[in-house]
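Student: Could you have a look at this structure, given as structure tokens, before my questions?
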Amino acid sequence: MSDPASTAWRSDRSRPVNPVAMPGWGPALRRGLMMRCPSCGTTSAFEGYLKVRPECPHCAAPLGRVPCDDAPPYITLVIALHFIIVCMLLADFDGGMNWIVSMAIFVPLTLVVLLGMLRPVKGITLAIMLKNNMLRPVTATTNVKSADRSSGRNG
Ligand SMILES: [Zn+2]
């Protein structure tokens with residue numbers, strides 16, 4: 001009878017080689033925070049407010065294949081709403097603030113903080129995922145793009 005340890009199935013734990021030359025963690029995170037390409041840092045990683053470029057025009061980093069999805073909005077909400085709640089508690093410490101004044105201050109402040117944080121947080125998320133080589137497979141991306149083109153949708 002054969003040794004059960006040698007025939008047991010093992011998952012493939014080897015990591016594919018990162019197709020992009022990435023800097024260390026410090027520069028990559030700094031470039032992400034500055035909303036630039038985490039690999040080269042010369043061009044913007046975005047082509048709209050939140051739309052990530054499919055590929056960096058300078059270093060050809062596959063930015064569009066990084067599956068950020070819902071992580072940046074989630075992280076932004078967790079950080080920004082904790083900040084807003086602390087501000088609200090400090091502002092209404094004695095309980096005397098009118099609710100209309102409170103709404104007039106904190107609703108716009110919440111919107112400004114959320115919209116201001118979302119893009120840098122997405123840049124950092126992009127840098128972390130690209131540094132860890134977390135990319136969508138090439139075939140899935142190309143299939144989605146060709147399907148979008150054939151149906152006339154843009155983006
Ligand atoms: Zn680049």
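Ligands are numbered from 1 in the order shown, chains are lettered A, B, ... in the order of the structure tokens, and residues start at 1 in each chain.
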Which chain A residues have any atom within 6 Å of an atom of ligand 1, and for each, what is the nearest pair of atoms with distance in Å to one decimal, counting only C-alpha atoms and all ligand atoms, rows sorted by chain and number, as JSON lines?

Tutor:
{"residue": "A:Cys37", "atom": "CA", "partner": "ligand 1", "partner_atom_place_in_ligand_line": "1 (Zn)", "distance": 4.6}
{"residue": "A:Ser39", "atom": "CA", "partner": "ligand 1", "partner_atom_place_in_ligand_line": "1 (Zn)", "distance": 5.0}
{"residue": "A:Cys40", "atom": "CA", "partner": "ligand 1", "partner_atom_place_in_ligand_line": "1 (Zn)", "distance": 4.1}
{"residue": "A:Gly41", "atom": "CA", "partner": "ligand 1", "partner_atom_place_in_ligand_line": "1 (Zn)", "distance": 5.9}
{"residue": "A:Cys56", "atom": "CA", "partner": "ligand 1", "partner_atom_place_in_ligand_line": "1 (Zn)", "distance": 4.6}
{"residue": "A:His58", "atom": "CA", "partner": "ligand 1", "partner_atom_place_in_ligand_line": "1 (Zn)", "distance": 5.1}
{"residue": "A:Cys59", "atom": "CA", "partner": "ligand 1", "partner_atom_place_in_ligand_line": "1 (Zn)", "distance": 4.2}
{"residue": "A:Ala61", "atom": "CA", "partner": "ligand 1", "partner_atom_place_in_ligand_line": "1 (Zn)", "distance": 5.5}

Student: When you look at A:Val78 with a cut-off of 12 Å (counting only C-alpha atoms), what residues show up, excluding the ones that are within fewer than 4 positions of it in the same chain? I need them as number ranges by chain.

Tutor: A: 71-74, 82-85, 113-114, 117-118, 121

Student: Give me, please, the distance in Å between atom CA of A:Leu115 and atom CA of A:Asp92, quoted to one decimal.

Tutor: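 Atom CA of A:Asp92 lies 24.2 Å from atom CA of A:Leu115.
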
Student: Excluding A:Cys68 and its own-chain neighbours fewer than 4 positions away, which residues fall within 9 Å of it when counting only C-alpha atoms? Please give them as JSON, numbers by chain.

Tutor: {"A": [72, 122, 125, 126, 129]}

Student: Would you save the residues from that selection as an mmCIF file, in the first residue's frame, using all heavy atoms?

Tutor:
data_model
loop_
_atom_site.group_PDB
_atom_site.id
_atom_site.type_symbol
_atom_site.label_atom_id
_atom_site.label_comp_id
_atom_site.auth_asym_id
_atom_site.auth_seq_id
_atom_site.Cartn_x
_atom_site.Cartn_y
_atom_site.Cartn_z
ATOM 1 N N PRO A 72 -12.827 49.600 -2.265
ATOM 2 C CA PRO A 72 -12.607 51.021 -1.960
ATOM 3 C C PRO A 72 -13.814 51.724 -1.337
ATOM 4 O O PRO A 72 -13.640 52.433 -0.340
ATOM 5 C CB PRO A 72 -12.227 51.627 -3.317
ATOM 6 C CG PRO A 72 -11.722 50.496 -4.111
ATOM 7 C CD PRO A 72 -12.499 49.297 -3.662
ATOM 8 N N LYS A 122 -9.152 54.186 -3.456
ATOM 9 C CA LYS A 122 -9.140 53.265 -4.592
ATOM 10 C C LYS A 122 -7.734 53.142 -5.163
ATOM 11 O O LYS A 122 -7.316 52.064 -5.578
ATOM 12 C CB LYS A 122 -10.118 53.733 -5.669
ATOM 13 C CG LYS A 122 -10.252 52.715 -6.789
ATOM 14 C CD LYS A 122 -11.476 52.931 -7.628
ATOM 15 C CE LYS A 122 -11.632 51.805 -8.635
ATOM 16 N NZ LYS A 122 -12.882 51.873 -9.374
ATOM 17 N N THR A 125 -5.868 50.828 -2.824
ATOM 18 C CA THR A 125 -6.336 49.458 -3.045
ATOM 19 C C THR A 125 -5.753 48.884 -4.331
ATOM 20 O O THR A 125 -5.300 47.730 -4.370
ATOM 21 C CB THR A 125 -7.882 49.435 -3.115
ATOM 22 O OG1 THR A 125 -8.410 50.113 -1.991
ATOM 23 C CG2 THR A 125 -8.401 48.015 -3.146
ATOM 24 N N LEU A 126 -5.717 49.716 -5.373
ATOM 25 C CA LEU A 126 -5.132 49.302 -6.648
ATOM 26 C C LEU A 126 -3.658 48.938 -6.463
ATOM 27 O O LEU A 126 -3.188 47.917 -6.973
ATOM 28 C CB LEU A 126 -5.292 50.453 -7.641
ATOM 29 C CG LEU A 126 -4.985 50.224 -9.099
ATOM 30 C CD1 LEU A 126 -6.082 49.403 -9.724
ATOM 31 C CD2 LEU A 126 -4.862 51.553 -9.819
ATOM 32 N N MET A 129 -3.296 45.597 -4.478
ATOM 33 C CA MET A 129 -3.674 44.417 -5.260
ATOM 34 C C MET A 129 -2.687 44.175 -6.394
ATOM 35 O O MET A 129 -2.351 43.025 -6.696
ATOM 36 C CB MET A 129 -5.101 44.571 -5.785
ATOM 37 C CG MET A 129 -6.113 44.623 -4.662
ATOM 38 S SD MET A 129 -7.794 44.757 -5.223
ATOM 39 C CE MET A 129 -8.223 43.031 -5.325
#

Student: Record the distance separating atom CA of A:Pro67 and atom CA of A:Ala21, expressed in Å with one decimal.

Tutor: 18.7 Å

Student: Apply DSSP to the backbone of this structure and, from chain A, keep only the residues in alpha helix (DSSP H); write these as a count of residues only.

Tutor: 81

Student: Could you give me, as a compact mmCIF listing (two decimals) with all heavy atoms, in the first residue's frame, the residues within 12 Å of A:Val52, counting only C-alpha atoms and dropping anything in the same chain fewer than 4 positions from it?

Tutor:
# COMPACT_ATOMS: atom_id res chain seq x y z
N GLY A 32 -0.11 55.08 -5.10
CA GLY A 32 -1.54 54.79 -5.05
C GLY A 32 -2.30 55.92 -4.38
O GLY A 32 -3.35 56.34 -4.85
N MET A 35 -2.89 58.69 -6.51
CA MET A 35 -3.77 58.28 -7.61
C MET A 35 -2.99 58.13 -8.92
O MET A 35 -3.52 58.37 -10.00
CB MET A 35 -4.93 59.27 -7.77
CG MET A 35 -5.80 59.31 -6.54
SD MET A 35 -6.83 60.76 -6.43
CE MET A 35 -5.70 61.97 -5.75
N ARG A 36 -1.72 57.74 -8.81
CA ARG A 36 -0.89 57.51 -9.99
C ARG A 36 -0.70 56.02 -10.18
O ARG A 36 -1.06 55.23 -9.32
CB ARG A 36 0.47 58.19 -9.80
CG ARG A 36 0.36 59.66 -9.50
CD ARG A 36 1.54 60.43 -10.03
NE ARG A 36 1.14 61.76 -10.42
CZ ARG A 36 0.81 62.13 -11.66
NH1 ARG A 36 0.84 61.27 -12.64
NH2 ARG A 36 0.43 63.35 -11.93
N CYS A 37 -0.14 55.66 -11.31
CA CYS A 37 0.13 54.25 -11.59
C CYS A 37 1.08 53.72 -10.50
O CYS A 37 2.16 54.29 -10.31
CB CYS A 37 0.78 54.10 -12.97
SG CYS A 37 1.45 52.46 -13.28
N THR A 43 2.05 58.41 -14.66
CA THR A 43 0.74 58.79 -15.20
C THR A 43 -0.36 58.50 -14.20
O THR A 43 -0.17 57.73 -13.26
CB THR A 43 0.43 58.00 -16.49
OG1 THR A 43 0.51 56.62 -16.18
CG2 THR A 43 1.41 58.34 -17.59
N SER A 44 -1.49 59.14 -14.40
CA SER A 44 -2.65 58.90 -13.53
C SER A 44 -3.17 57.49 -13.75
O SER A 44 -3.19 56.98 -14.87
CB SER A 44 -3.74 59.92 -13.83
OG SER A 44 -4.91 59.59 -13.12
N ALA A 45 -3.59 56.85 -12.66
CA ALA A 45 -4.15 55.50 -12.77
C ALA A 45 -5.61 55.55 -13.22
O ALA A 45 -6.18 54.53 -13.57
CB ALA A 45 -4.04 54.77 -11.44
N PHE A 46 -6.21 56.74 -13.22
CA PHE A 46 -7.63 56.88 -13.53
C PHE A 46 -7.81 57.64 -14.84
O PHE A 46 -7.02 58.53 -15.16
CB PHE A 46 -8.35 57.63 -12.41
CG PHE A 46 -8.29 56.94 -11.09
CD1 PHE A 46 -7.30 57.24 -10.18
CD2 PHE A 46 -9.23 55.97 -10.76
CE1 PHE A 46 -7.25 56.59 -8.95
CE2 PHE A 46 -9.18 55.33 -9.55
CZ PHE A 46 -8.18 55.64 -8.64
N GLU A 47 -8.88 57.30 -15.54
CA GLU A 47 -9.23 58.08 -16.72
C GLU A 47 -10.53 58.84 -16.51
O GLU A 47 -10.96 59.56 -17.37
CB GLU A 47 -9.27 57.22 -17.98
CG GLU A 47 -10.25 56.07 -17.93
CD GLU A 47 -10.16 55.20 -19.17
OE1 GLU A 47 -9.19 55.34 -19.94
OE2 GLU A 47 -11.07 54.38 -19.36
N GLY A 48 -11.15 58.67 -15.37
CA GLY A 48 -12.31 59.44 -14.96
C GLY A 48 -12.20 59.67 -13.47
O GLY A 48 -11.10 59.61 -12.92
N CYS A 56 -1.57 51.16 -18.15
CA CYS A 56 -0.79 52.38 -18.00
C CYS A 56 -0.13 52.72 -19.34
O CYS A 56 0.53 51.87 -19.93
CB CYS A 56 0.28 52.18 -16.93
SG CYS A 56 1.39 53.59 -16.77
N ALA A 61 1.37 48.67 -17.30
CA ALA A 61 0.83 47.89 -16.17
C ALA A 61 -0.65 47.64 -16.40
O ALA A 61 -1.38 48.56 -16.75
CB ALA A 61 1.04 48.65 -14.86
N PRO A 62 -1.12 46.40 -16.22
CA PRO A 62 -2.53 46.09 -16.51
C PRO A 62 -3.47 46.55 -15.39
O PRO A 62 -4.06 45.75 -14.67
CB PRO A 62 -2.51 44.57 -16.64
CG PRO A 62 -1.39 44.13 -15.77
CD PRO A 62 -0.36 45.22 -15.79
N LEU A 63 -3.63 47.86 -15.27
CA LEU A 63 -4.42 48.42 -14.17
C LEU A 63 -5.89 47.99 -14.25
O LEU A 63 -6.54 47.79 -13.24
CB LEU A 63 -4.32 49.95 -14.18
CG LEU A 63 -2.91 50.53 -14.11
CD1 LEU A 63 -2.95 52.04 -14.28
CD2 LEU A 63 -2.24 50.16 -12.82
N GLY A 64 -6.41 47.84 -15.46
CA GLY A 64 -7.80 47.47 -15.63
C GLY A 64 -8.11 46.04 -15.22
O GLY A 64 -9.27 45.68 -15.07
N ARG A 65 -7.07 45.23 -15.05
CA ARG A 65 -7.29 43.83 -14.65
C ARG A 65 -7.27 43.65 -13.14
O ARG A 65 -7.47 42.55 -12.64
CB ARG A 65 -6.21 42.94 -15.29
CG ARG A 65 -6.44 42.69 -16.76
CD ARG A 65 -5.33 41.88 -17.37
NE ARG A 65 -5.05 40.68 -16.59
CZ ARG A 65 -3.84 40.10 -16.56
NH1 ARG A 65 -2.85 40.61 -17.25
NH2 ARG A 65 -3.65 39.03 -15.84
N VAL A 66 -7.06 44.73 -12.39
CA VAL A 66 -7.05 44.63 -10.93
C VAL A 66 -8.50 44.68 -10.45
O VAL A 66 -9.20 45.65 -10.71
CB VAL A 66 -6.23 45.79 -10.31
CG1 VAL A 66 -6.27 45.70 -8.80
CG2 VAL A 66 -4.81 45.74 -10.81
N PRO A 67 -8.97 43.65 -9.77
CA PRO A 67 -10.39 43.59 -9.38
C PRO A 67 -10.66 44.30 -8.07
O PRO A 67 -10.92 43.67 -7.05
CB PRO A 67 -10.64 42.07 -9.27
CG PRO A 67 -9.33 41.51 -8.86
CD PRO A 67 -8.27 42.39 -9.45
N CYS A 68 -10.63 45.62 -8.08
CA CYS A 68 -10.90 46.39 -6.84
C CYS A 68 -12.35 46.19 -6.37
O CYS A 68 -12.61 46.06 -5.19
CB CYS A 68 -10.65 47.87 -7.07
SG CYS A 68 -8.92 48.29 -7.15
N ASP A 69 -13.29 46.22 -7.30
CA ASP A 69 -14.71 46.00 -7.02
C ASP A 69 -15.23 46.89 -5.88
O ASP A 69 -15.14 48.09 -5.97
CB ASP A 69 -14.99 44.52 -6.76
CG ASP A 69 -14.68 43.67 -7.97
OD1 ASP A 69 -14.64 44.22 -9.08
OD2 ASP A 69 -14.43 42.46 -7.81
N ARG A 119 -11.32 58.32 -4.06
CA ARG A 119 -10.34 58.14 -5.13
C ARG A 119 -8.96 57.73 -4.59
O ARG A 119 -8.36 56.79 -5.10
CB ARG A 119 -10.26 59.42 -5.96
CG ARG A 119 -9.89 59.19 -7.37
CD ARG A 119 -10.23 60.41 -8.21
NE ARG A 119 -9.77 60.17 -9.57
CZ ARG A 119 -8.91 60.94 -10.20
NH1 ARG A 119 -8.43 62.00 -9.62
NH2 ARG A 119 -8.54 60.64 -11.43
N LYS A 122 -9.15 54.19 -3.46
CA LYS A 122 -9.14 53.27 -4.59
C LYS A 122 -7.73 53.14 -5.16
O LYS A 122 -7.32 52.06 -5.58
CB LYS A 122 -10.12 53.73 -5.67
CG LYS A 122 -10.25 52.72 -6.79
CD LYS A 122 -11.48 52.93 -7.63
CE LYS A 122 -11.63 51.80 -8.64
NZ LYS A 122 -12.88 51.87 -9.37
N GLY A 123 -6.97 54.25 -5.17
CA GLY A 123 -5.59 54.19 -5.64
C GLY A 123 -4.74 53.28 -4.76
O GLY A 123 -3.93 52.50 -5.26
N THR A 125 -5.87 50.83 -2.82
CA THR A 125 -6.34 49.46 -3.04
C THR A 125 -5.75 48.88 -4.33
O THR A 125 -5.30 47.73 -4.37
CB THR A 125 -7.88 49.44 -3.11
OG1 THR A 125 -8.41 50.11 -1.99
CG2 THR A 125 -8.40 48.01 -3.15
N LEU A 126 -5.72 49.72 -5.37
CA LEU A 126 -5.13 49.30 -6.65
C LEU A 126 -3.66 48.94 -6.46
O LEU A 126 -3.19 47.92 -6.97
CB LEU A 126 -5.29 50.45 -7.64
CG LEU A 126 -4.98 50.22 -9.10
CD1 LEU A 126 -6.08 49.40 -9.72
CD2 LEU A 126 -4.86 51.55 -9.82
N ALA A 127 -2.92 49.76 -5.70
CA ALA A 127 -1.50 49.51 -5.48
C ALA A 127 -1.29 48.21 -4.71
O ALA A 127 -0.42 47.40 -5.06
CB ALA A 127 -0.88 50.69 -4.74
N GLY A 155 -17.75 51.13 -21.55
CA GLY A 155 -17.15 51.11 -20.25
C GLY A 155 -17.86 50.41 -19.17
O GLY A 155 -17.51 50.46 -18.07

Student: One decimal, Å: what's the distance from atom CA of A:Leu33 over to atom CA of A:Pro120, could you say?

Tutor: 4.8 Å
